file target.tsv (TSV, C-alpha atoms and all ligand atoms)
chain	number	residue	atom	x	y	z
A	1	MET	CA	19.50	108.55	-3.26
A	2	GLN	CA	18.14	106.39	-0.48
A	3	LYS	CA	20.89	104.16	0.91
A	4	LEU	CA	20.19	100.45	0.60
A	5	TYR	CA	21.73	98.18	3.22
A	6	ALA	CA	22.72	94.56	2.66
A	7	HIS	CA	19.49	93.30	4.21
A	8	ASN	CA	17.37	95.66	2.04
A	9	ILE	CA	19.07	94.28	-1.06
A	10	ARG	CA	18.78	90.66	0.05
A	11	ASP	CA	15.06	91.12	0.77
A	12	LEU	CA	14.29	92.42	-2.74
A	13	LEU	CA	12.56	89.71	-4.76
A	14	LYS	CA	14.71	88.78	-7.72
A	15	VAL	CA	14.71	86.93	-11.02
A	16	GLU	CA	18.00	85.40	-12.13
A	17	LEU	CA	18.43	84.27	-15.73
A	18	HIS	CA	22.16	83.54	-15.94
A	19	ARG	CA	23.77	81.26	-13.34
A	20	HIS	CA	26.03	78.30	-14.13
A	21	LEU	CA	24.96	75.37	-11.99
A	22	ASP	CA	28.32	73.62	-12.38
A	23	CYS	CA	30.07	76.76	-11.03
A	24	SER	CA	27.62	77.37	-8.16
A	25	VAL	CA	28.89	74.86	-5.61
A	26	ARG	CA	28.48	76.19	-2.09
A	27	TRP	CA	31.85	76.92	-0.48
A	28	SER	CA	31.33	74.70	2.61
A	29	THR	CA	30.26	71.84	0.30
A	30	LEU	CA	33.32	72.27	-1.91
A	31	VAL	CA	35.66	72.06	1.10
A	32	GLU	CA	33.78	69.03	2.42
A	33	LEU	CA	33.79	67.14	-0.90
A	34	ALA	CA	37.26	67.98	-2.24
A	35	PRO	CA	39.20	65.46	-0.09
A	36	GLN	CA	36.64	62.76	-0.97
A	37	VAL	CA	37.48	63.10	-4.68
A	38	GLY	CA	41.24	63.11	-4.15
A	39	ILE	CA	41.99	66.85	-4.01
A	40	THR	CA	44.47	67.71	-1.26
A	41	LEU	CA	43.27	70.81	0.55
A	42	ALA	CA	45.78	73.56	1.28
A	43	PRO	CA	46.51	73.91	5.03
A	44	THR	CA	44.88	77.28	5.78
A	45	SER	CA	41.41	78.53	4.96
A	46	GLN	CA	42.90	81.48	3.02
A	47	GLN	CA	45.03	79.15	0.89
A	48	GLN	CA	42.02	76.91	0.28
A	49	LYS	CA	40.12	79.90	-1.06
A	50	GLU	CA	43.04	80.67	-3.38
A	51	GLN	CA	42.96	77.04	-4.50
A	52	PHE	CA	39.34	77.19	-5.71
A	53	LEU	CA	37.96	80.72	-5.86
A	54	ILE	CA	38.37	83.74	-8.14
A	55	THR	CA	38.05	86.82	-5.95
A	56	GLU	CA	40.50	89.17	-7.69
A	57	PRO	CA	40.56	90.26	-11.34
A	58	MET	CA	42.11	87.50	-13.44
A	59	ASN	CA	45.53	88.03	-14.90
A	60	ASP	CA	46.95	84.54	-14.85
A	61	LEU	CA	44.80	82.32	-17.04
A	62	GLY	CA	46.63	79.12	-16.04
A	63	SER	CA	45.71	79.39	-12.37
A	64	VAL	CA	42.13	80.29	-13.28
A	65	LEU	CA	41.75	77.20	-15.45
A	66	ASN	CA	43.12	75.13	-12.59
A	67	LYS	CA	40.38	76.46	-10.34
A	68	PHE	CA	37.68	75.49	-12.81
A	69	LEU	CA	39.28	72.07	-13.10
A	70	ASN	CA	39.24	71.64	-9.31
A	71	ALA	CA	35.58	72.65	-9.21
A	72	GLN	CA	34.83	70.16	-11.99
A	73	LYS	CA	36.62	67.29	-10.20
A	74	VAL	CA	34.24	67.66	-7.28
A	75	LEU	CA	31.20	66.90	-9.49
A	76	ALA	CA	32.01	63.20	-9.29
A	77	SER	CA	28.74	61.33	-8.68
A	78	GLU	CA	24.99	61.49	-9.13
A	79	GLU	CA	24.56	61.94	-5.39
A	80	ILE	CA	26.88	64.97	-5.42
A	81	LEU	CA	25.14	66.46	-8.47
A	82	SER	CA	21.71	66.21	-6.84
A	83	ARG	CA	23.09	67.81	-3.71
A	84	ILE	CA	24.71	70.75	-5.49
A	85	ALA	CA	21.55	71.38	-7.53
A	86	PHE	CA	19.44	71.38	-4.36
A	87	GLU	CA	21.86	73.71	-2.58
A	88	ALA	CA	22.09	76.10	-5.55
A	89	CYS	CA	18.29	76.51	-5.40
A	90	GLU	CA	18.34	76.87	-1.62
A	91	ASP	CA	21.08	79.53	-1.72
A	92	ALA	CA	19.24	81.41	-4.47
A	93	TYR	CA	15.96	81.28	-2.53
A	94	ASN	CA	17.68	82.64	0.59
A	95	ASP	CA	19.05	85.48	-1.54
A	96	GLY	CA	15.53	86.58	-2.56
A	97	ILE	CA	15.41	84.80	-5.94
A	98	ARG	CA	11.98	83.44	-6.89
A	99	LEU	CA	12.51	82.71	-10.60
A	100	LEU	CA	15.82	80.99	-11.32
A	101	GLU	CA	17.32	79.72	-14.53
A	102	LEU	CA	20.27	77.39	-14.02
A	103	ARG	CA	22.51	76.32	-16.88
A	104	TYR	CA	25.11	73.62	-17.20
A	105	ALA	CA	27.28	71.99	-19.85
A	106	PRO	CA	26.85	68.20	-19.89
A	107	THR	CA	30.28	67.95	-21.57
A	108	PHE	CA	31.99	69.92	-18.77
A	109	ILE	CA	30.59	67.68	-16.02
A	110	ALA	CA	31.08	64.42	-17.95
A	111	GLU	CA	34.74	65.16	-18.63
A	112	GLY	CA	36.94	63.18	-16.29
A	113	HIS	CA	33.98	61.24	-14.83
A	114	SER	CA	33.66	58.19	-17.05
A	115	SER	CA	30.72	56.77	-15.04
A	116	LEU	CA	28.61	59.90	-15.63
A	117	THR	CA	26.64	59.84	-18.87
A	118	PHE	CA	24.68	62.92	-20.03
A	119	GLU	CA	21.53	61.06	-18.98
A	120	LYS	CA	22.75	60.35	-15.44
A	121	ILE	CA	24.03	63.93	-15.02
A	122	HIS	CA	20.76	65.45	-16.14
A	123	GLN	CA	18.53	63.21	-14.07
A	124	ALA	CA	20.65	63.80	-10.95
A	125	LEU	CA	20.58	67.60	-11.35
A	126	HIS	CA	16.89	67.57	-12.22
A	127	ASN	CA	16.12	65.50	-9.12
A	128	GLY	CA	18.02	67.97	-6.93
A	129	VAL	CA	16.03	70.85	-8.38
A	130	LYS	CA	12.70	69.03	-7.91
A	131	LEU	CA	13.55	68.27	-4.29
A	132	ALA	CA	14.39	71.94	-3.67
A	133	GLN	CA	11.11	73.04	-5.25
A	134	LYS	CA	9.23	70.85	-2.77
A	135	LYS	CA	10.82	72.81	0.05
A	136	PHE	CA	11.15	76.35	-1.33
A	137	ALA	CA	8.71	78.52	-3.28
A	138	ILE	CA	10.93	79.00	-6.32
A	139	ALA	CA	10.40	78.36	-10.04
A	140	VAL	CA	13.44	76.83	-11.73
A	141	GLY	CA	14.31	76.29	-15.39
A	142	LEU	CA	17.32	74.34	-16.66
A	143	ILE	CA	19.32	75.46	-19.71
A	144	CYS	CA	21.60	73.11	-21.65
A	145	ILE	CA	24.98	74.54	-22.67
A	146	VAL	CA	26.86	73.69	-25.84
A	147	GLN	CA	30.59	74.42	-25.44
A	148	ARG	CA	31.76	76.18	-28.60
A	149	VAL	CA	35.33	74.96	-28.04
A	150	LYS	CA	34.33	71.31	-28.56
A	151	PRO	CA	34.27	69.61	-31.96
A	152	PHE	CA	31.10	70.10	-34.01
A	153	ALA	CA	30.14	66.41	-33.64
A	154	VAL	CA	30.15	66.80	-29.85
A	155	ALA	CA	28.06	69.96	-30.08
A	156	GLU	CA	25.58	68.03	-32.22
A	157	LYS	CA	25.37	65.28	-29.62
A	158	VAL	CA	24.63	67.84	-26.89
A	159	VAL	CA	21.94	69.55	-28.98
A	160	ASP	CA	20.24	66.22	-29.71
A	161	PHE	CA	20.39	65.41	-26.00
A	162	ALA	CA	18.75	68.75	-25.15
A	163	ILE	CA	16.02	68.17	-27.75
A	164	ASP	CA	15.36	64.66	-26.38
A	165	HIS	CA	14.92	66.26	-22.92
A	166	LYS	CA	13.00	69.36	-23.93
A	167	ASP	CA	10.46	68.63	-21.19
A	168	SER	CA	13.10	69.35	-18.57
A	169	PHE	CA	15.25	71.95	-20.40
A	170	VAL	CA	13.79	75.37	-21.15
A	171	ALA	CA	16.55	76.52	-23.51
A	172	LEU	CA	19.82	75.94	-25.29
A	173	ASP	CA	22.92	78.12	-24.82
A	174	LEU	CA	26.30	78.44	-26.50
A	175	ALA	CA	29.19	79.26	-24.14
A	176	ASP	CA	33.00	79.59	-23.81
A	177	ASN	CA	35.35	82.10	-25.37
A	178	GLU	CA	34.08	83.46	-28.69
A	179	GLU	CA	37.48	84.34	-30.14
A	180	GLY	CA	38.23	81.90	-32.94
A	181	PHE	CA	34.80	80.25	-32.59
A	182	ASP	CA	32.51	82.07	-34.97
A	183	PRO	CA	28.84	81.63	-34.01
A	184	LYS	CA	27.75	81.02	-37.64
A	185	VAL	CA	29.16	77.47	-37.58
A	186	PHE	CA	26.52	76.45	-35.05
A	187	ALA	CA	23.56	77.81	-37.00
A	188	PRO	CA	22.11	74.46	-38.17
A	189	LEU	CA	22.19	73.07	-34.61
A	190	PHE	CA	20.48	76.07	-33.06
A	191	GLN	CA	17.88	76.25	-35.80
A	192	LYS	CA	17.10	72.59	-35.18
A	193	ALA	CA	16.74	73.21	-31.42
A	194	LYS	CA	14.52	76.22	-31.98
A	195	LYS	CA	12.29	74.24	-34.33
A	196	ALA	CA	12.00	71.57	-31.64
A	197	GLY	CA	10.63	74.19	-29.24
A	198	LEU	CA	13.67	75.12	-27.14
A	199	HIS	CA	14.35	78.78	-26.39
A	200	ILE	CA	17.77	80.16	-27.35
A	201	THR	CA	20.21	82.31	-25.37
A	202	ILE	CA	23.82	82.81	-26.48
A	203	HIS	CA	26.97	83.91	-24.61
A	204	SER	CA	28.22	86.73	-26.82
A	205	GLY	CA	29.91	90.12	-26.66
A	206	GLU	CA	31.47	89.41	-23.28
A	207	THR	CA	35.16	90.24	-23.69
A	208	PRO	CA	36.64	93.24	-25.49
A	209	ASN	CA	37.25	92.54	-29.16
A	210	ASP	CA	36.68	94.58	-32.31
A	211	GLN	CA	34.31	91.91	-33.62
A	212	ALA	CA	32.46	91.38	-30.33
A	213	ALA	CA	29.45	93.53	-31.26
A	214	SER	CA	29.08	91.87	-34.68
A	215	TRP	CA	29.06	88.45	-33.00
A	216	VAL	CA	26.15	89.62	-30.86
A	217	LYS	CA	24.24	90.61	-33.98
A	218	ASP	CA	25.06	87.27	-35.65
A	219	SER	CA	23.93	85.40	-32.54
A	220	VAL	CA	20.50	87.01	-32.87
A	221	GLU	CA	20.16	86.92	-36.64
A	222	ILE	CA	21.83	83.61	-37.43
A	223	LEU	CA	21.49	81.53	-34.26
A	224	GLY	CA	18.10	82.88	-33.32
A	225	ALA	CA	19.07	84.13	-29.84
A	226	GLU	CA	16.10	85.55	-27.92
A	227	ARG	CA	18.44	86.75	-25.16
A	228	ILE	CA	22.18	87.39	-25.01
A	229	GLY	CA	24.49	86.26	-22.20
A	230	HIS	CA	26.54	89.39	-21.33
A	231	GLY	CA	26.39	91.34	-24.64
A	232	ILE	CA	27.95	94.34	-22.90
A	233	GLN	CA	30.47	95.00	-25.69
A	234	ILE	CA	27.66	96.36	-27.86
A	235	VAL	CA	28.51	99.73	-26.29
A	236	ARG	CA	31.43	99.72	-28.74
A	237	ASN	CA	29.09	99.75	-31.73
A	238	PRO	CA	26.10	102.14	-31.78
A	239	GLU	CA	24.56	100.35	-34.77
A	240	VAL	CA	24.45	97.01	-32.93
A	241	LEU	CA	23.30	98.71	-29.72
A	242	ASN	CA	20.33	100.18	-31.60
A	243	PHE	CA	19.67	96.81	-33.22
A	244	ILE	CA	19.55	95.03	-29.82
A	245	ARG	CA	17.35	97.77	-28.35
A	246	ASP	CA	14.95	97.82	-31.30
A	247	ARG	CA	14.67	94.03	-31.43
A	248	LYS	CA	14.02	94.07	-27.65
A	249	ILE	CA	16.67	91.43	-26.95
A	250	PRO	CA	17.34	91.30	-23.18
A	251	LEU	CA	20.97	91.19	-22.04
A	252	GLU	CA	21.94	88.90	-19.17
A	253	VAL	CA	24.47	91.24	-17.56
A	254	CYS	CA	26.82	89.88	-14.86
A	255	PRO	CA	28.67	92.86	-13.29
A	256	ILE	CA	31.01	91.10	-10.84
A	257	SER	CA	31.87	88.41	-13.38
A	258	ASN	CA	32.66	91.07	-16.00
A	259	TYR	CA	35.03	92.79	-13.58
A	260	LEU	CA	36.76	89.58	-12.42
A	261	THR	CA	37.30	88.46	-16.02
A	262	GLN	CA	38.42	92.01	-16.84
A	263	SER	CA	35.88	92.67	-19.58
A	264	PHE	CA	36.02	96.13	-18.01
A	265	LYS	CA	38.97	97.37	-15.98
A	266	THR	CA	36.91	98.92	-13.18
A	267	TYR	CA	33.31	98.81	-11.98
A	268	GLU	CA	33.03	102.49	-12.88
A	269	GLU	CA	33.77	101.62	-16.53
A	270	HIS	CA	31.06	98.95	-16.64
A	271	PRO	CA	28.42	100.10	-19.16
A	272	ILE	CA	25.29	98.78	-17.41
A	273	ARG	CA	23.92	102.24	-16.58
A	274	GLN	CA	24.66	103.47	-20.10
A	275	LEU	CA	22.83	100.46	-21.59
A	276	LEU	CA	19.82	100.93	-19.31
A	277	ASN	CA	19.63	104.65	-20.11
A	278	ALA	CA	19.85	103.87	-23.83
A	279	GLY	CA	16.71	101.75	-23.54
A	280	VAL	CA	18.36	98.32	-23.80
A	281	LEU	CA	16.61	95.57	-21.80
A	282	VAL	CA	19.07	94.87	-19.00
A	283	THR	CA	18.88	92.08	-16.42
A	284	ILE	CA	21.26	91.47	-13.47
A	285	ASN	CA	22.90	88.09	-12.91
A	286	SER	CA	25.68	86.38	-10.93
A	287	ASP	CA	27.14	83.98	-13.57
A	288	ASP	CA	29.39	81.77	-11.38
A	289	PRO	CA	28.57	82.53	-7.73
A	290	GLY	CA	30.37	79.41	-6.44
A	291	VAL	CA	33.69	80.19	-8.11
A	292	PHE	CA	33.42	83.93	-7.36
A	293	ALA	CA	32.28	83.36	-3.74
A	294	THR	CA	29.37	85.75	-4.30
A	295	ASN	CA	25.60	85.77	-4.49
A	296	LEU	CA	23.31	87.86	-6.67
A	297	SER	CA	22.87	90.44	-3.90
A	298	ASP	CA	26.60	91.21	-4.18
A	299	ASP	CA	26.06	92.23	-7.82
A	300	TYR	CA	23.16	94.44	-6.72
A	301	GLU	CA	25.33	95.96	-3.99
A	302	VAL	CA	28.03	96.89	-6.54
A	303	LEU	CA	25.43	98.51	-8.82
A	304	HIS	CA	23.92	100.44	-5.92
A	305	ARG	CA	27.33	101.65	-4.69
A	306	VAL	CA	29.06	102.37	-8.01
A	307	HIS	CA	26.20	103.14	-10.41
A	308	SER	CA	23.64	104.52	-7.93
A	309	PHE	CA	21.05	101.84	-8.73
A	310	THR	CA	17.91	102.47	-6.70
A	311	THR	CA	15.12	100.10	-5.64
A	312	GLU	CA	13.23	101.38	-8.69
A	313	ASP	CA	16.12	100.47	-11.02
A	314	PHE	CA	16.27	96.98	-9.51
A	315	LYS	CA	12.51	96.58	-9.89
A	316	ARG	CA	12.75	97.61	-13.52
A	317	CYS	CA	15.53	95.06	-14.22
A	318	ASN	CA	13.57	92.33	-12.44
A	319	GLN	CA	10.44	93.17	-14.41
A	320	ILE	CA	12.45	92.81	-17.63
A	321	ALA	CA	13.92	89.51	-16.38
A	322	PHE	CA	10.49	88.23	-15.32
A	323	GLU	CA	9.03	88.82	-18.78
A	324	ALA	CA	12.17	87.45	-20.49
A	325	SER	CA	12.39	84.28	-18.40
A	326	PHE	CA	12.03	81.05	-20.37
A	327	ILE	CA	10.28	79.33	-17.46
A	328	PRO	CA	6.86	78.19	-18.73
A	329	LYS	CA	4.13	80.80	-18.34
A	330	ALA	CA	1.94	78.69	-16.07
A	331	GLU	CA	4.73	78.37	-13.52
A	332	LYS	CA	5.95	81.94	-13.89
A	333	GLU	CA	2.52	83.47	-13.43
A	334	LYS	CA	2.19	82.01	-9.92
A	335	PHE	CA	4.91	84.47	-8.86
A	336	ARG	CA	3.70	87.58	-10.71
A	337	LYS	CA	1.68	88.92	-7.77
A	338	ASP	CA	4.74	88.72	-5.50
A	339	PHE	CA	6.75	90.88	-7.87
A	340	PHE	CA	4.31	93.45	-9.18
B	401	ZN	ZN	27.96	82.63	-18.30
call {"tool": "encode", "arguments": {"input": "target.tsv", "output": "structure tokens"}}
result
Amino acid sequence: MQKLYAHNIRDLLKVELHRHLDCSVRWSTLVELAPQVGITLAPTSQQQKEQFLITEPMNDLGSVLNKFLNAQKVLASEEILSRIAFEACEDAYNDGIRLLELRYAPTFIAEGHSSLTFEKIHQALHNGVKLAQKKFAIAVGLICIVQRVKPFAVAEKVVDFAIDHKDSFVALDLADNEEGFDPKVFAPLFQKAKKAGLHITIHSGETPNDQAASWVKDSVEILGAERIGHGIQIVRNPEVLNFIRDRKIPLEVCPISNYLTQSFKTYEEHPIRQLLNAGVLVTINSDDPGVFATNLSDDYEVLHRVHSFTTEDFKRCNQIAFEASFIPKAEKEKFRKDFF
């Protein structure tokens, strides 16, 4: 196998389908903004990283939630939101990404910021993206996230908001821990969104659970998912694996995230190679690069080192991601010649 160096990996043109905008704040920006929103920074740089970032596999959920809360507190104004959206696109562009789908949960950002309505949040983020697209040759699509842990009435409000803004959202997503939050409940909302013309992707089959594979199947059959966020637990159920392969449902796989959240104990145990070899449509994504202090190239580096991914494997995954991207065809096609 030809060895790929960091610069070879960074220079590969990439498509990223699964990146949370509200968890993609650039580290230098986070440190700059934290004191302005009332967060006291720890004295040393190492301690500051421990305050905000997840760089080791999670075993203490309390401290992890605190980190997400700190990251959320920083998203305090429209000006900040535009800036983080711009910087997320800039960082992605510099990492070789040319098609980028960014997702966020309006409820997550609005929480604790009473002045920020869904409308203000969306316009601010959208403006940041537009500004970045004037400067960098990158196509960007925004995905609206429904948090499954919120009451149904809140989920309904988010779905209606996404439908009202379908010109600037490409899709609707359902996120947060699946345990205890059966996907079926959300069926009427996702059917409504689909009818209105939004694409559907669903976070499912991420963490180990005996029902995880069946939730993936339900997400496709009942919620109408065209892609699955993670979905890696289908390796536990050959019937569902065959179903996902035969229905040609792409998986948005996030290797570093899966390791840090301990969906798999080690990188060696991660099933991405097994899924690819079985004919499942696999794409490679970074999930929360701000909170993990990573970029997409780091995920590629892990796959090259641990699972012997070659340039050809990466090209294959990017081809799958290109075709599966929800970014409108007219925009996407401008980039086809760069990729293929
Ligand atoms: Zn995610």
call {"tool": "closest_residue", "arguments": {"input": "target.tsv", "among": "A:Leu276, A:Leu17, A:Ala213, A:Ala85", "to": "Arg316 in chain A", "atoms": "only C-alpha atoms"}}
result
A:Leu276
call {"tool": "closest_residue", "arguments": {"input": "target.tsv", "among": "A:Leu241, A:Leu100, A:Ala110, A:Leu75", "to": "Asn318 in chain A", "atoms": "all atoms listed in the file"}}
result
A:Leu100
call {"tool": "residues_around", "arguments": {"input": "target.tsv", "residues": "Val31 in chain A", "least_positions_apart": "5", "cutoff": "12 Å", "atoms": "all atoms listed in the file", "output": "ChimeraX atom specification"}}
result
/A:25-26,36-45,47-49,51-53,70-71,74,290
call {"tool": "residues_near_ligand", "arguments": {"input": "target.tsv", "ligand": "ligand ZN 401 (chain B)", "cutoff": "7 Å", "atoms": "only C-alpha atoms and all ligand atoms", "output": "number ranges by chain"}}
result
A: 18-20, 175, 203, 229, 287
call {"tool": "atom_distance", "arguments": {"input": "target.tsv", "atom1": "CA of Thr201 in chain A", "atom2": "CA of Phe322 in chain A"}}
result
15.2 Å
call {"tool": "atom_distance", "arguments": {"input": "target.tsv", "atom1": "CA of Gly231 in chain A", "atom2": "CA of Thr266 in chain A"}}
result
17.3 Å
call {"tool": "atom_distance", "arguments": {"input": "target.tsv", "atom1": "CA of Gln211 in chain A", "atom2": "CA of Asn277 in chain A"}}
result
23.7 Å
call {"tool": "residues_around", "arguments": {"input": "target.tsv", "residues": "Gln262 in chain A", "least_positions_apart": "3", "cutoff": "9 Å", "atoms": "all atoms listed in the file", "output": "mmCIF file with C-alpha atoms, in the frame of the given file"}}
result
data_model
loop_
_atom_site.group_PDB
_atom_site.id
_atom_site.type_symbol
_atom_site.label_atom_id
_atom_site.label_comp_id
_atom_site.auth_asym_id
_atom_site.auth_seq_id
_atom_site.Cartn_x
_atom_site.Cartn_y
_atom_site.Cartn_z
ATOM 1 C CA PRO A 57 40.560 90.260 -11.340
ATOM 2 C CA MET A 58 42.110 87.500 -13.440
ATOM 3 C CA ASN A 59 45.530 88.030 -14.900
ATOM 4 C CA THR A 207 35.160 90.240 -23.690
ATOM 5 C CA PRO A 208 36.640 93.240 -25.490
ATOM 6 C CA SER A 257 31.870 88.410 -13.380
ATOM 7 C CA ASN A 258 32.660 91.070 -16.000
ATOM 8 C CA TYR A 259 35.030 92.790 -13.580
ATOM 9 C CA LYS A 265 38.970 97.370 -15.980
ATOM 10 C CA THR A 266 36.910 98.920 -13.180
#
call {"tool": "residues_near_point", "arguments": {"input": "target.tsv", "point": "(18.2, 79.6, -25.9)", "cutoff": "10 Å", "atoms": "all atoms listed in the file", "output": "list in words"}}
result
Ile143, Cys144, Ile145, Phe169, Val170, Ala171, Leu172, Asp173, Leu174, Phe190, Ala193, Lys194, Gly197, Leu198, His199, Ile200, Thr201, Ile202, His203, Leu223, Gly224, Ala225, Glu226, Arg227, Ile228, Gly229 and Phe326 of chain A
call {"tool": "closest_residue", "arguments": {"input": "target.tsv", "among": "A:Val220, A:Ile84, A:Val159, A:Ala105", "to": "Val129 in chain A", "atoms": "only C-alpha atoms"}}
result
A:Ile84
call {"tool": "closest_residue", "arguments": {"input": "target.tsv", "among": "A:Lys337, A:His230, A:Arg247, A:His7", "to": "Asp95 in chain A", "atoms": "all atoms listed in the file"}}
result
A:His7
call {"tool": "closest_residue", "arguments": {"input": "target.tsv", "among": "A:Pro188, A:Pro271, A:Pro238, A:Pro328", "to": "Leu251 in chain A", "atoms": "all atoms listed in the file"}}
result
A:Pro271
call {"tool": "closest_residue", "arguments": {"input": "target.tsv", "among": "A:Asn285, A:Thr310, A:Gln274, A:Thr55", "to": "Asn8 in chain A", "atoms": "all atoms listed in the file"}}
result
A:Thr310
call {"tool": "residues_around", "arguments": {"input": "target.tsv", "residues": "Ile272 in chain A", "least_positions_apart": "2", "cutoff": "12 Å", "atoms": "only C-alpha atoms", "output": "JSON, numbers by chain"}}
result
{"A": [230, 231, 232, 233, 234, 235, 251, 252, 253, 254, 255, 256, 258, 264, 267, 268, 269, 270, 274, 275, 276, 277, 278, 279, 280, 281, 282, 283, 284, 285, 299, 300, 302, 303, 304, 306, 307, 308, 309, 313, 317]}
call {"tool": "decode", "arguments": {"input": "target.tsv", "residues": "range 144-158 of chain A", "atoms": "N, CA and C atoms", "output": "PDB file, in the first residue's frame"}}
result
ATOM      1  N   CYS A 144     -31.618  20.986   8.826  1.00  0.00           N
ATOM      2  CA  CYS A 144     -32.261  21.355  10.092  1.00  0.00           C
ATOM      3  C   CYS A 144     -32.432  20.107  10.966  1.00  0.00           C
ATOM      4  N   ILE A 145     -31.994  20.202  12.209  1.00  0.00           N
ATOM      5  CA  ILE A 145     -32.072  19.044  13.116  1.00  0.00           C
ATOM      6  C   ILE A 145     -33.243  19.162  14.092  1.00  0.00           C
ATOM      7  N   VAL A 146     -33.995  18.079  14.187  1.00  0.00           N
ATOM      8  CA  VAL A 146     -35.016  17.932  15.225  1.00  0.00           C
ATOM      9  C   VAL A 146     -34.367  17.109  16.341  1.00  0.00           C
ATOM     10  N   GLN A 147     -34.419  17.616  17.576  1.00  0.00           N
ATOM     11  CA  GLN A 147     -33.854  16.852  18.702  1.00  0.00           C
ATOM     12  C   GLN A 147     -34.919  15.895  19.227  1.00  0.00           C
ATOM     13  N   ARG A 148     -34.633  14.589  19.168  1.00  0.00           N
ATOM     14  CA  ARG A 148     -35.675  13.624  19.557  1.00  0.00           C
ATOM     15  C   ARG A 148     -35.963  13.658  21.053  1.00  0.00           C
ATOM     16  N   VAL A 149     -35.070  14.275  21.839  1.00  0.00           N
ATOM     17  CA  VAL A 149     -35.289  14.317  23.294  1.00  0.00           C
ATOM     18  C   VAL A 149     -36.249  15.433  23.716  1.00  0.00           C
ATOM     19  N   LYS A 150     -36.634  16.282  22.770  1.00  0.00           N
ATOM     20  CA  LYS A 150     -37.557  17.385  23.107  1.00  0.00           C
ATOM     21  C   LYS A 150     -39.011  16.911  22.973  1.00  0.00           C
ATOM     22  N   PRO A 151     -39.932  17.609  23.640  1.00  0.00           N
ATOM     23  CA  PRO A 151     -41.342  17.234  23.502  1.00  0.00           C
ATOM     24  C   PRO A 151     -41.806  17.291  22.045  1.00  0.00           C
ATOM     25  N   PHE A 152     -42.814  16.487  21.731  1.00  0.00           N
ATOM     26  CA  PHE A 152     -43.311  16.385  20.354  1.00  0.00           C
ATOM     27  C   PHE A 152     -43.724  17.755  19.800  1.00  0.00           C
ATOM     28  N   ALA A 153     -44.352  18.578  20.657  1.00  0.00           N
ATOM     29  CA  ALA A 153     -44.813  19.899  20.195  1.00  0.00           C
ATOM     30  C   ALA A 153     -43.641  20.771  19.743  1.00  0.00           C
ATOM     31  N   VAL A 154     -42.497  20.616  20.408  1.00  0.00           N
ATOM     32  CA  VAL A 154     -41.302  21.384  20.020  1.00  0.00           C
ATOM     33  C   VAL A 154     -40.777  20.859  18.680  1.00  0.00           C
ATOM     34  N   ALA A 155     -40.762  19.526  18.562  1.00  0.00           N
ATOM     35  CA  ALA A 155     -40.309  18.914  17.305  1.00  0.00           C
ATOM     36  C   ALA A 155     -41.174  19.415  16.144  1.00  0.00           C
ATOM     37  N   GLU A 156     -42.459  19.512  16.385  1.00  0.00           N
ATOM     38  CA  GLU A 156     -43.389  19.974  15.357  1.00  0.00           C
ATOM     39  C   GLU A 156     -43.074  21.411  14.943  1.00  0.00           C
ATOM     40  N   LYS A 157     -42.748  22.229  15.930  1.00  0.00           N
ATOM     41  CA  LYS A 157     -42.408  23.626  15.662  1.00  0.00           C
ATOM     42  C   LYS A 157     -41.142  23.718  14.780  1.00  0.00           C
ATOM     43  N   VAL A 158     -40.172  22.862  15.090  1.00  0.00           N
ATOM     44  CA  VAL A 158     -38.915  22.859  14.323  1.00  0.00           C
ATOM     45  C   VAL A 158     -39.181  22.401  12.889  1.00  0.00           C
TER      46      VAL A 158
END
